[in-house]
Amino acid sequence: DAMTQMDYKYSLLGSTADEYRKRPLLLQVDDAPMNLFAVLEVKRELPRRWSTLTCFRKIRLYSLLFGLAVMFLIMASYILTGDKKGLLLTPSPYHFSSLVSPGPFAFNLTSVKDYAHIKLVVKSIRTKVEFRSTRQLPEFNALVKSEPHMFSVIPQKFLPGVKNPCWYEDYTGNITSDPYGTNLYGRYSRRFRTVFQHLRNTFQEHLFHHDGKPYRMRCLPYFYIIGQPKCGTTDLYDRLRLHPDVKFTTFKEPHWWTRKRFGIIRLSEGFHDRYPVEDYLDLFDQAAHQIQGNLTANTSGFPGHPNIIIGEASASTMWDNNAWVYFYDNTTEGEPPFLIQDFVHALQPDARFIVMLRDPVERLYSDYLYFGIANKSAEDFHEKVSESLQLFEGCLTEYTMRSCVYNTTVNNAMPVRLQVGLYIVYLMDWLTVFSREQILVLRLEDHASNRKYTMHKVFEFLNLGPLTQEIESEITRSPASNTRRPADKNLGPMLHITKEILRDFYTPFNEKLAKVLRNDSFLWESNSRL
């Protein structure tokens, strides 16, 4: 049967959306000792009907015991972690080492003197580094089955003669009702609600009427800035916005593909309602209206500005598949059966992607300084790096490298995000579905030293026309965005031994990256600190 927008409900391993929102998450485990590196599978208990008083009494008893167990876990988590936000599906990332097997190289993480032991851990990791040439791609029908609503909303073909992927959607809602009233992006941010207020006021005048029916222009992005965090994506975004033919979503970092469509607002808050694809498409309405142009002067409905393109910039798109363990069956021995790029490719096989990278050693320190952790210091960073390396090495004793890179439990446990700097692992997975010509890979170091050069590469990659000298000067000369805060600069550089350890850890990954990209600058051997 054809699935319509009205009768579809999102599913979480088979349960309905209403059950998902109302019922607590249950982790199903057997009585055997649980390996914490194993992939967690979250399932939903089906509702049962009870007809006897005995059953009700049993439920009350089990509920009481369950409640006491939960209270004990919460109190224990407060005591052990000092985390006042509550116990989530994974332990606190800052105090995970006591819960896992330390592997063959146990050492005291609180002392910088354990340098030799940490070097052994890195050496052990390097012996287990291996890169597969391909991965098993999911069938198209399996993707549709996983997200049927998404595929029912977005068509297989877009408007001809328009550079950006757009289409006209039959508008079935009440014309006088609020088209953004249920948008979850608007619910959780006052700034987004302000943008939607403007769109709401002009919505009716952008409806195209044909044969007595109203139609609404919908668009997806022509290109995505997909990664990586703390690699200059904000600066690239701010400069591209100045190009007259480039429009973006109503705000940067919608994180829809990686987080919002799974109901993740912030990882520390657990799960919320899943954002439907319509909420994501609403973010492109402002740009769609500009592509569409003035309908009063263009009664044919054909876009008045067909050369405008839309971009979307979420630095999590390239690497963050952490939600998969809660939503997909674990059928691949610890590896996600579906990745973000599988869905994007199925919907937009011609999409383009921009990746900005920097020396992964410096990226990690910048990442550490950026987040609001109390009592930051070079010594604290060293301890967190040491702990993260031990966790990663412990995973590699039992699982493949790729399994550990995508292991949600390990990723959430590491106090610094080591895995984000393993650029080649993610890039190779993107190259299994998209061609090399569709992905532009830049270095922040090159962008910082010669913005004119990198911006010209971006303009050429996006097939953008020439600019006036005035606009080009504005794009290339403006100061950098989202640079390190003064308070963080005062902390100084990382410890020399931390840098040496991280350099050893990332070297085999950088070597493979340089080989795939055929560019030795991605070895970052002679990089000066930014």
# chains A, B, ... in the order shown; residues from 1 in each chain; ligands from 1

call {"tool": "residues_around", "arguments": {"residues": "Asp342 in chain A", "least_positions_apart": "5", "cutoff": "9 Å", "atoms": "only C-alpha atoms", "output": "ChimeraX atom specification"}}
result
/A:137-138,140,143,347,430,433

call {"tool": "closest_atom_pairs", "arguments": {"of": "range 118-173 of chain A", "to": "range 245-261 of chain A", "cutoff": "12 Å", "atoms": "only C-alpha atoms", "output": "tab-separated table"}}
result
residue	atom	partner	partner_atom	distance
A:Glu147	CA	A:Arg261	CA	10.2
A:His149	CA	A:Arg261	CA	11.6
A:Met150	CA	A:Arg261	CA	10.1
A:Lys163	CA	A:Asp245	CA	10.8
A:Asn164	CA	A:Val246	CA	10.3

call {"tool": "write_last_selection", "arguments": {"atoms": "all heavy atoms", "output": "CSV table (one decimal), in the first residue's frame"}}
result
chain,number,residue,atom,x,y,z
A,147,GLU,N,13.3,4.4,6.6
A,147,GLU,CA,12.8,5.7,6.7
A,147,GLU,C,11.7,6.0,5.6
A,147,GLU,O,11.9,6.8,4.7
A,147,GLU,CB,13.9,6.8,6.5
A,147,GLU,CG,14.9,6.8,7.7
A,147,GLU,CD,14.4,7.5,8.9
A,147,GLU,OE1,13.3,8.0,8.9
A,147,GLU,OE2,15.1,7.5,9.9
A,149,HIS,N,8.8,7.5,5.5
A,149,HIS,CA,8.2,8.8,5.4
A,149,HIS,C,9.1,9.8,4.6
A,149,HIS,O,8.7,10.6,3.8
A,149,HIS,CB,7.9,9.3,6.8
A,149,HIS,CG,7.2,10.7,6.8
A,149,HIS,ND1,6.1,10.9,6.1
A,149,HIS,CD2,7.6,11.9,7.3
A,149,HIS,CE1,5.7,12.2,6.2
A,149,HIS,NE2,6.6,12.8,7.0
A,150,MET,N,10.4,9.7,4.9
A,150,MET,CA,11.4,10.6,4.3
A,150,MET,C,11.3,10.4,2.7
A,150,MET,O,11.3,11.4,2.0
A,150,MET,CB,12.8,10.3,4.8
A,150,MET,CG,13.9,11.2,4.2
A,150,MET,SD,15.5,10.5,4.5
A,150,MET,CE,15.5,10.3,6.3
A,163,LYS,N,19.2,25.0,-10.9
A,163,LYS,CA,20.5,24.4,-10.5
A,163,LYS,C,20.3,23.7,-9.1
A,163,LYS,O,20.9,22.6,-8.9
A,163,LYS,CB,21.5,25.6,-10.3
A,163,LYS,CG,22.9,25.1,-10.0
A,163,LYS,CD,23.9,26.3,-10.0
A,163,LYS,CE,25.3,25.8,-9.7
A,163,LYS,NZ,26.2,27.0,-9.7
A,164,ASN,N,19.5,24.3,-8.2
A,164,ASN,CA,19.3,23.7,-6.9
A,164,ASN,C,18.2,22.6,-7.0
A,164,ASN,O,17.3,22.8,-7.7
A,164,ASN,CB,18.9,24.8,-5.9
A,164,ASN,CG,19.1,24.3,-4.5
A,164,ASN,OD1,20.2,24.4,-3.9
A,164,ASN,ND2,18.1,23.8,-3.9

call {"tool": "atom_distance", "arguments": {"atom1": "CA of Pro229 in chain A", "atom2": "CA of Val385 in chain A"}}
result
17.4 Å

call {"tool": "residues_around", "arguments": {"residues": "Pro165 in chain A", "least_positions_apart": "6", "cutoff": "10 Å", "atoms": "only C-alpha atoms", "output": "ChimeraX atom specification"}}
result
/A:157-159,218-223,309-310,348,350-351

call {"tool": "write_last_selection", "arguments": {"atoms": "N, CA and C atoms", "output": "PDB file, in the first residue's frame"}}
result
ATOM      1  N   LYS A 157      12.847  13.006  -8.645  1.00  0.00           N
ATOM      2  CA  LYS A 157      13.291  13.974  -9.652  1.00  0.00           C
ATOM      3  C   LYS A 157      12.953  15.383  -9.187  1.00  0.00           C
ATOM      4  N   PHE A 158      13.798  16.332  -9.617  1.00  0.00           N
ATOM      5  CA  PHE A 158      13.621  17.726  -9.218  1.00  0.00           C
ATOM      6  C   PHE A 158      13.285  18.586 -10.435  1.00  0.00           C
ATOM      7  N   LEU A 159      12.975  19.861 -10.187  1.00  0.00           N
ATOM      8  CA  LEU A 159      12.573  20.767 -11.260  1.00  0.00           C
ATOM      9  C   LEU A 159      13.679  20.899 -12.308  1.00  0.00           C
ATOM     10  N   ARG A 218       9.481  23.410  -2.491  1.00  0.00           N
ATOM     11  CA  ARG A 218      10.340  22.785  -1.492  1.00  0.00           C
ATOM     12  C   ARG A 218      11.733  22.613  -2.097  1.00  0.00           C
ATOM     13  N   CYS A 219      12.759  22.684  -1.262  1.00  0.00           N
ATOM     14  CA  CYS A 219      14.128  22.527  -1.743  1.00  0.00           C
ATOM     15  C   CYS A 219      14.979  21.756  -0.736  1.00  0.00           C
ATOM     16  N   LEU A 220      15.963  21.065  -1.266  1.00  0.00           N
ATOM     17  CA  LEU A 220      17.050  20.483  -0.482  1.00  0.00           C
ATOM     18  C   LEU A 220      18.317  21.274  -0.803  1.00  0.00           C
ATOM     19  N   PRO A 221      19.391  21.095  -0.064  1.00  0.00           N
ATOM     20  CA  PRO A 221      20.611  21.833  -0.385  1.00  0.00           C
ATOM     21  C   PRO A 221      21.286  21.325  -1.663  1.00  0.00           C
ATOM     22  N   TYR A 222      21.924  22.215  -2.367  1.00  0.00           N
ATOM     23  CA  TYR A 222      22.767  21.853  -3.503  1.00  0.00           C
ATOM     24  C   TYR A 222      24.089  21.301  -2.991  1.00  0.00           C
ATOM     25  N   PHE A 223      24.548  21.846  -1.844  1.00  0.00           N
ATOM     26  CA  PHE A 223      25.802  21.370  -1.263  1.00  0.00           C
ATOM     27  C   PHE A 223      25.715  21.374   0.255  1.00  0.00           C
ATOM     28  N   ILE A 309      21.850  28.762  -5.398  1.00  0.00           N
ATOM     29  CA  ILE A 309      22.028  27.453  -4.766  1.00  0.00           C
ATOM     30  C   ILE A 309      21.944  27.596  -3.249  1.00  0.00           C
ATOM     31  N   ILE A 310      21.571  26.496  -2.596  1.00  0.00           N
ATOM     32  CA  ILE A 310      21.409  26.484  -1.142  1.00  0.00           C
ATOM     33  C   ILE A 310      22.464  25.573  -0.533  1.00  0.00           C
ATOM     34  N   GLN A 348      19.703  12.240  -3.011  1.00  0.00           N
ATOM     35  CA  GLN A 348      20.393  13.244  -3.823  1.00  0.00           C
ATOM     36  C   GLN A 348      21.716  12.680  -4.350  1.00  0.00           C
ATOM     37  N   ASP A 350      23.437  13.479  -6.768  1.00  0.00           N
ATOM     38  CA  ASP A 350      24.307  14.500  -7.368  1.00  0.00           C
ATOM     39  C   ASP A 350      24.743  15.566  -6.377  1.00  0.00           C
ATOM     40  N   ALA A 351      24.478  15.384  -5.098  1.00  0.00           N
ATOM     41  CA  ALA A 351      24.839  16.399  -4.101  1.00  0.00           C
ATOM     42  C   ALA A 351      26.355  16.594  -4.043  1.00  0.00           C
TER      43      ALA A 351
END

call {"tool": "select_by_dssp", "arguments": {"residues": "range 158-291 of chain A", "states": "helix (DSSP H, G or I)", "output": "PyMOL selection string"}}
result
chain A and resi 184-187+190-202+204-206+233-240+260-262+267-269+277-282+285-291

call {"tool": "residues_around", "arguments": {"residues": "range 509-512 of chain A", "least_positions_apart": "4", "cutoff": "8 Å", "atoms": "only C-alpha atoms", "output": "list in words"}}
result
Leu422, Tyr423, Ile424, Val425, Val516, Phe522, Leu523 and Trp524 of chain A

call {"tool": "residues_around", "arguments": {"residues": "Ala323 in chain A", "least_positions_apart": "3", "cutoff": "7 Å", "atoms": "only C-alpha atoms", "output": "PyMOL selection string"}}
result
chain A and resi 262+326-327

call {"tool": "write_last_selection", "arguments": {"atoms": "all heavy atoms", "output": "tab-separated table (two decimals), in the first residue's frame"}}
result
chain	number	residue	atom	x	y	z
A	262	PHE	N	16.60	11.82	14.82
A	262	PHE	CA	16.51	10.76	15.81
A	262	PHE	C	15.93	11.27	17.14
A	262	PHE	O	15.78	10.50	18.08
A	262	PHE	CB	17.89	10.16	16.08
A	262	PHE	CG	18.49	9.49	14.88
A	262	PHE	CD1	19.56	10.06	14.21
A	262	PHE	CD2	17.98	8.29	14.42
A	262	PHE	CE1	20.12	9.45	13.11
A	262	PHE	CE2	18.54	7.66	13.30
A	262	PHE	CZ	19.61	8.25	12.64
A	326	TYR	N	20.62	2.87	18.80
A	326	TYR	CA	19.31	2.95	19.43
A	326	TYR	C	18.17	2.74	18.44
A	326	TYR	O	17.02	2.58	18.84
A	326	TYR	CB	19.14	4.31	20.12
A	326	TYR	CG	20.27	4.65	21.06
A	326	TYR	CD1	21.06	5.77	20.87
A	326	TYR	CD2	20.55	3.84	22.15
A	326	TYR	CE1	22.10	6.08	21.73
A	326	TYR	CE2	21.58	4.13	23.02
A	326	TYR	CZ	22.36	5.26	22.80
A	326	TYR	OH	23.39	5.55	23.66
A	327	PHE	N	18.48	2.76	17.13
A	327	PHE	CA	17.42	2.74	16.14
A	327	PHE	C	17.53	1.64	15.10
A	327	PHE	O	16.56	1.29	14.45
A	327	PHE	CB	17.34	4.10	15.41
A	327	PHE	CG	16.88	5.21	16.30
A	327	PHE	CD1	17.79	5.91	17.10
A	327	PHE	CD2	15.54	5.55	16.40
A	327	PHE	CE1	17.37	6.92	17.94
A	327	PHE	CE2	15.12	6.56	17.24
A	327	PHE	CZ	16.03	7.25	18.02

call {"tool": "closest_residue", "arguments": {"among": "A:Ala116, A:Met455, A:Met318, A:Ile497", "to": "Ile340 in chain A", "atoms": "only C-alpha atoms"}}
result
A:Met318

call {"tool": "atom_distance", "arguments": {"atom1": "CA of Met401 in chain A", "atom2": "CA of Ile125 in chain A"}}
result
9.0 Å

call {"tool": "residues_around", "arguments": {"residues": "Arg193 in chain A", "least_positions_apart": "5", "cutoff": "12 Å", "atoms": "only C-alpha atoms", "output": "JSON, numbers by chain"}}
result
{"A": [180, 181, 182, 183, 184, 185, 186, 187, 188, 198, 199, 200, 250, 251, 282, 283]}

call {"tool": "write_last_selection", "arguments": {"atoms": "C-alpha atoms", "output": "short mmCIF file (atom, residue, chain, number, x, y, z; two decimals), in the first residue's frame"}}
result
data_model
loop_
_atom_site.label_atom_id
_atom_site.label_comp_id
_atom_site.auth_asym_id
_atom_site.auth_seq_id
_atom_site.Cartn_x
_atom_site.Cartn_y
_atom_site.Cartn_z
CA TYR A 180 5.21 26.40 11.06
CA GLY A 181 3.14 25.88 14.19
CA THR A 182 4.38 22.34 14.80
CA ASN A 183 7.98 22.82 13.65
CA LEU A 184 10.24 21.47 16.38
CA TYR A 185 13.14 23.76 15.47
CA GLY A 186 10.87 26.67 16.33
CA ARG A 187 9.77 25.06 19.58
CA TYR A 188 13.24 24.83 21.07
CA HIS A 198 8.71 36.30 9.03
CA LEU A 199 8.14 33.21 6.89
CA ARG A 200 4.66 32.81 8.34
CA THR A 250 17.84 29.90 8.35
CA PHE A 251 20.67 29.09 10.80
CA ASP A 282 11.13 24.32 6.43
CA LEU A 283 14.66 25.57 7.10
#

call {"tool": "select_by_dssp", "arguments": {"residues": "range 72-313 of chain A", "states": "strand (DSSP E or B)", "output": "ChimeraX atom specification"}}
result
/A:166-170,208-210,213-219,223-227,246-248,264,271,309-313

call {"tool": "closest_residue", "arguments": {"among": "A:Asn307, A:Ser473, A:Ser449, A:Thr498", "to": "Ser386 in chain A", "atoms": "only C-alpha atoms"}}
result
A:Thr498

call {"tool": "atom_distance", "arguments": {"atom1": "CA of Tyr368 in chain A", "atom2": "CA of Arg417 in chain A"}}
result
8.3 Å

call {"tool": "residues_around", "arguments": {"residues": "Ile475 in chain A", "least_positions_apart": "4", "cutoff": "7 Å", "atoms": "only C-alpha atoms", "output": "PyMOL selection string"}}
result
chain A and resi 239+242+471

call {"tool": "closest_residue", "arguments": {"among": "A:His456, A:Gly263, A:Ala142, A:Asp114", "to": "Tyr275 in chain A", "atoms": "only C-alpha atoms"}}
result
A:Gly263

call {"tool": "decode", "arguments": {"residues": "range 343-358 of chain A", "atoms": "all heavy atoms", "output": "short mmCIF file (atom, residue, chain, number, x, y, z; two decimals), in the first residue's frame"}}
result
data_model
loop_
_atom_site.label_atom_id
_atom_site.label_comp_id
_atom_site.auth_asym_id
_atom_site.auth_seq_id
_atom_site.Cartn_x
_atom_site.Cartn_y
_atom_site.Cartn_z
N PHE A 343 21.63 7.56 3.10
CA PHE A 343 20.33 8.21 2.90
C PHE A 343 20.45 9.44 2.00
O PHE A 343 19.61 9.66 1.13
CB PHE A 343 19.72 8.60 4.25
CG PHE A 343 19.32 7.43 5.10
CD1 PHE A 343 20.14 6.99 6.13
CD2 PHE A 343 18.14 6.76 4.86
CE1 PHE A 343 19.79 5.90 6.92
CE2 PHE A 343 17.76 5.67 5.64
CZ PHE A 343 18.59 5.24 6.67
N VAL A 344 21.50 10.24 2.22
CA VAL A 344 21.68 11.43 1.38
C VAL A 344 21.86 11.03 -0.08
O VAL A 344 21.26 11.62 -0.98
CB VAL A 344 22.88 12.26 1.87
CG1 VAL A 344 23.06 13.51 0.98
CG2 VAL A 344 22.71 12.69 3.32
N HIS A 345 22.66 10.00 -0.32
CA HIS A 345 22.90 9.55 -1.69
C HIS A 345 21.64 9.00 -2.33
O HIS A 345 21.38 9.23 -3.53
CB HIS A 345 24.00 8.49 -1.71
CG HIS A 345 24.32 7.99 -3.08
ND1 HIS A 345 23.76 6.84 -3.60
CD2 HIS A 345 25.13 8.49 -4.05
CE1 HIS A 345 24.22 6.65 -4.83
NE2 HIS A 345 25.04 7.63 -5.13
N ALA A 346 20.84 8.26 -1.56
CA ALA A 346 19.60 7.70 -2.11
C ALA A 346 18.63 8.80 -2.54
O ALA A 346 17.88 8.64 -3.50
CB ALA A 346 18.94 6.79 -1.08
N LEU A 347 18.66 9.93 -1.84
CA LEU A 347 17.76 11.04 -2.15
C LEU A 347 18.37 12.04 -3.12
O LEU A 347 17.67 12.63 -3.93
CB LEU A 347 17.37 11.77 -0.86
CG LEU A 347 16.54 10.96 0.14
CD1 LEU A 347 16.49 11.66 1.49
CD2 LEU A 347 15.13 10.74 -0.39
N GLN A 348 19.70 12.24 -3.01
CA GLN A 348 20.39 13.24 -3.82
C GLN A 348 21.72 12.68 -4.35
O GLN A 348 22.79 13.01 -3.85
CB GLN A 348 20.73 14.48 -2.98
CG GLN A 348 19.57 15.32 -2.54
CD GLN A 348 20.09 16.50 -1.73
OE1 GLN A 348 20.09 16.47 -0.51
NE2 GLN A 348 20.54 17.55 -2.40
N PRO A 349 21.68 11.85 -5.35
CA PRO A 349 22.94 11.26 -5.85
C PRO A 349 23.91 12.28 -6.43
O PRO A 349 25.10 11.99 -6.54
CB PRO A 349 22.46 10.27 -6.91
CG PRO A 349 21.09 10.73 -7.30
CD PRO A 349 20.50 11.35 -6.08
N ASP A 350 23.44 13.48 -6.77
CA ASP A 350 24.31 14.50 -7.37
C ASP A 350 24.74 15.57 -6.38
O ASP A 350 25.33 16.59 -6.79
CB ASP A 350 23.59 15.18 -8.54
CG ASP A 350 23.26 14.19 -9.66
OD1 ASP A 350 24.08 13.28 -9.90
OD2 ASP A 350 22.18 14.32 -10.27
N ALA A 351 24.48 15.38 -5.10
CA ALA A 351 24.84 16.40 -4.10
C ALA A 351 26.35 16.59 -4.04
O ALA A 351 27.14 15.71 -4.42
CB ALA A 351 24.30 16.00 -2.73
N ARG A 352 26.76 17.77 -3.54
CA ARG A 352 28.18 18.08 -3.39
C ARG A 352 28.49 18.34 -1.93
O ARG A 352 27.62 18.82 -1.18
CB ARG A 352 28.55 19.31 -4.24
CG ARG A 352 28.50 19.01 -5.73
CD ARG A 352 28.72 20.24 -6.60
NE ARG A 352 28.79 19.84 -7.99
CZ ARG A 352 29.94 19.61 -8.64
NH1 ARG A 352 31.09 19.76 -8.00
NH2 ARG A 352 29.94 19.25 -9.90
N PHE A 353 29.74 18.08 -1.54
CA PHE A 353 30.12 18.17 -0.13
C PHE A 353 31.47 18.85 0.02
O PHE A 353 32.39 18.62 -0.77
CB PHE A 353 30.19 16.76 0.47
CG PHE A 353 28.93 15.96 0.26
CD1 PHE A 353 28.79 15.15 -0.86
CD2 PHE A 353 27.88 16.05 1.16
CE1 PHE A 353 27.62 14.44 -1.08
CE2 PHE A 353 26.71 15.35 0.95
CZ PHE A 353 26.58 14.54 -0.16
N ILE A 354 31.55 19.70 1.03
CA ILE A 354 32.81 20.38 1.35
C ILE A 354 33.26 19.94 2.73
O ILE A 354 32.49 19.97 3.70
CB ILE A 354 32.63 21.92 1.32
CG1 ILE A 354 32.17 22.37 -0.07
CG2 ILE A 354 33.94 22.61 1.68
CD1 ILE A 354 31.85 23.86 -0.17
N VAL A 355 34.51 19.51 2.80
CA VAL A 355 35.11 19.07 4.05
C VAL A 355 36.30 19.97 4.37
O VAL A 355 37.15 20.19 3.50
CB VAL A 355 35.59 17.60 3.95
CG1 VAL A 355 36.25 17.15 5.25
CG2 VAL A 355 34.44 16.68 3.58
N MET A 356 36.34 20.51 5.57
CA MET A 356 37.48 21.32 6.01
C MET A 356 38.17 20.56 7.14
O MET A 356 37.53 20.20 8.13
CB MET A 356 37.02 22.69 6.49
CG MET A 356 38.17 23.62 6.85
SD MET A 356 38.85 24.51 5.45
CE MET A 356 37.82 25.98 5.47
N LEU A 357 39.46 20.32 6.98
CA LEU A 357 40.23 19.57 7.96
C LEU A 357 41.40 20.40 8.47
O LEU A 357 41.82 21.36 7.82
CB LEU A 357 40.77 18.27 7.33
CG LEU A 357 39.76 17.33 6.68
CD1 LEU A 357 40.47 16.13 6.05
CD2 LEU A 357 38.71 16.87 7.68
N ARG A 358 41.91 20.02 9.61
CA ARG A 358 43.14 20.62 10.14
C ARG A 358 43.95 19.53 10.82
O ARG A 358 43.45 18.41 11.01
CB ARG A 358 42.83 21.75 11.14
CG ARG A 358 42.31 21.26 12.47
CD ARG A 358 41.81 22.36 13.37
NE ARG A 358 42.85 23.20 13.95
CZ ARG A 358 42.63 24.13 14.88
NH1 ARG A 358 41.41 24.29 15.36
NH2 ARG A 358 43.61 24.85 15.34
#
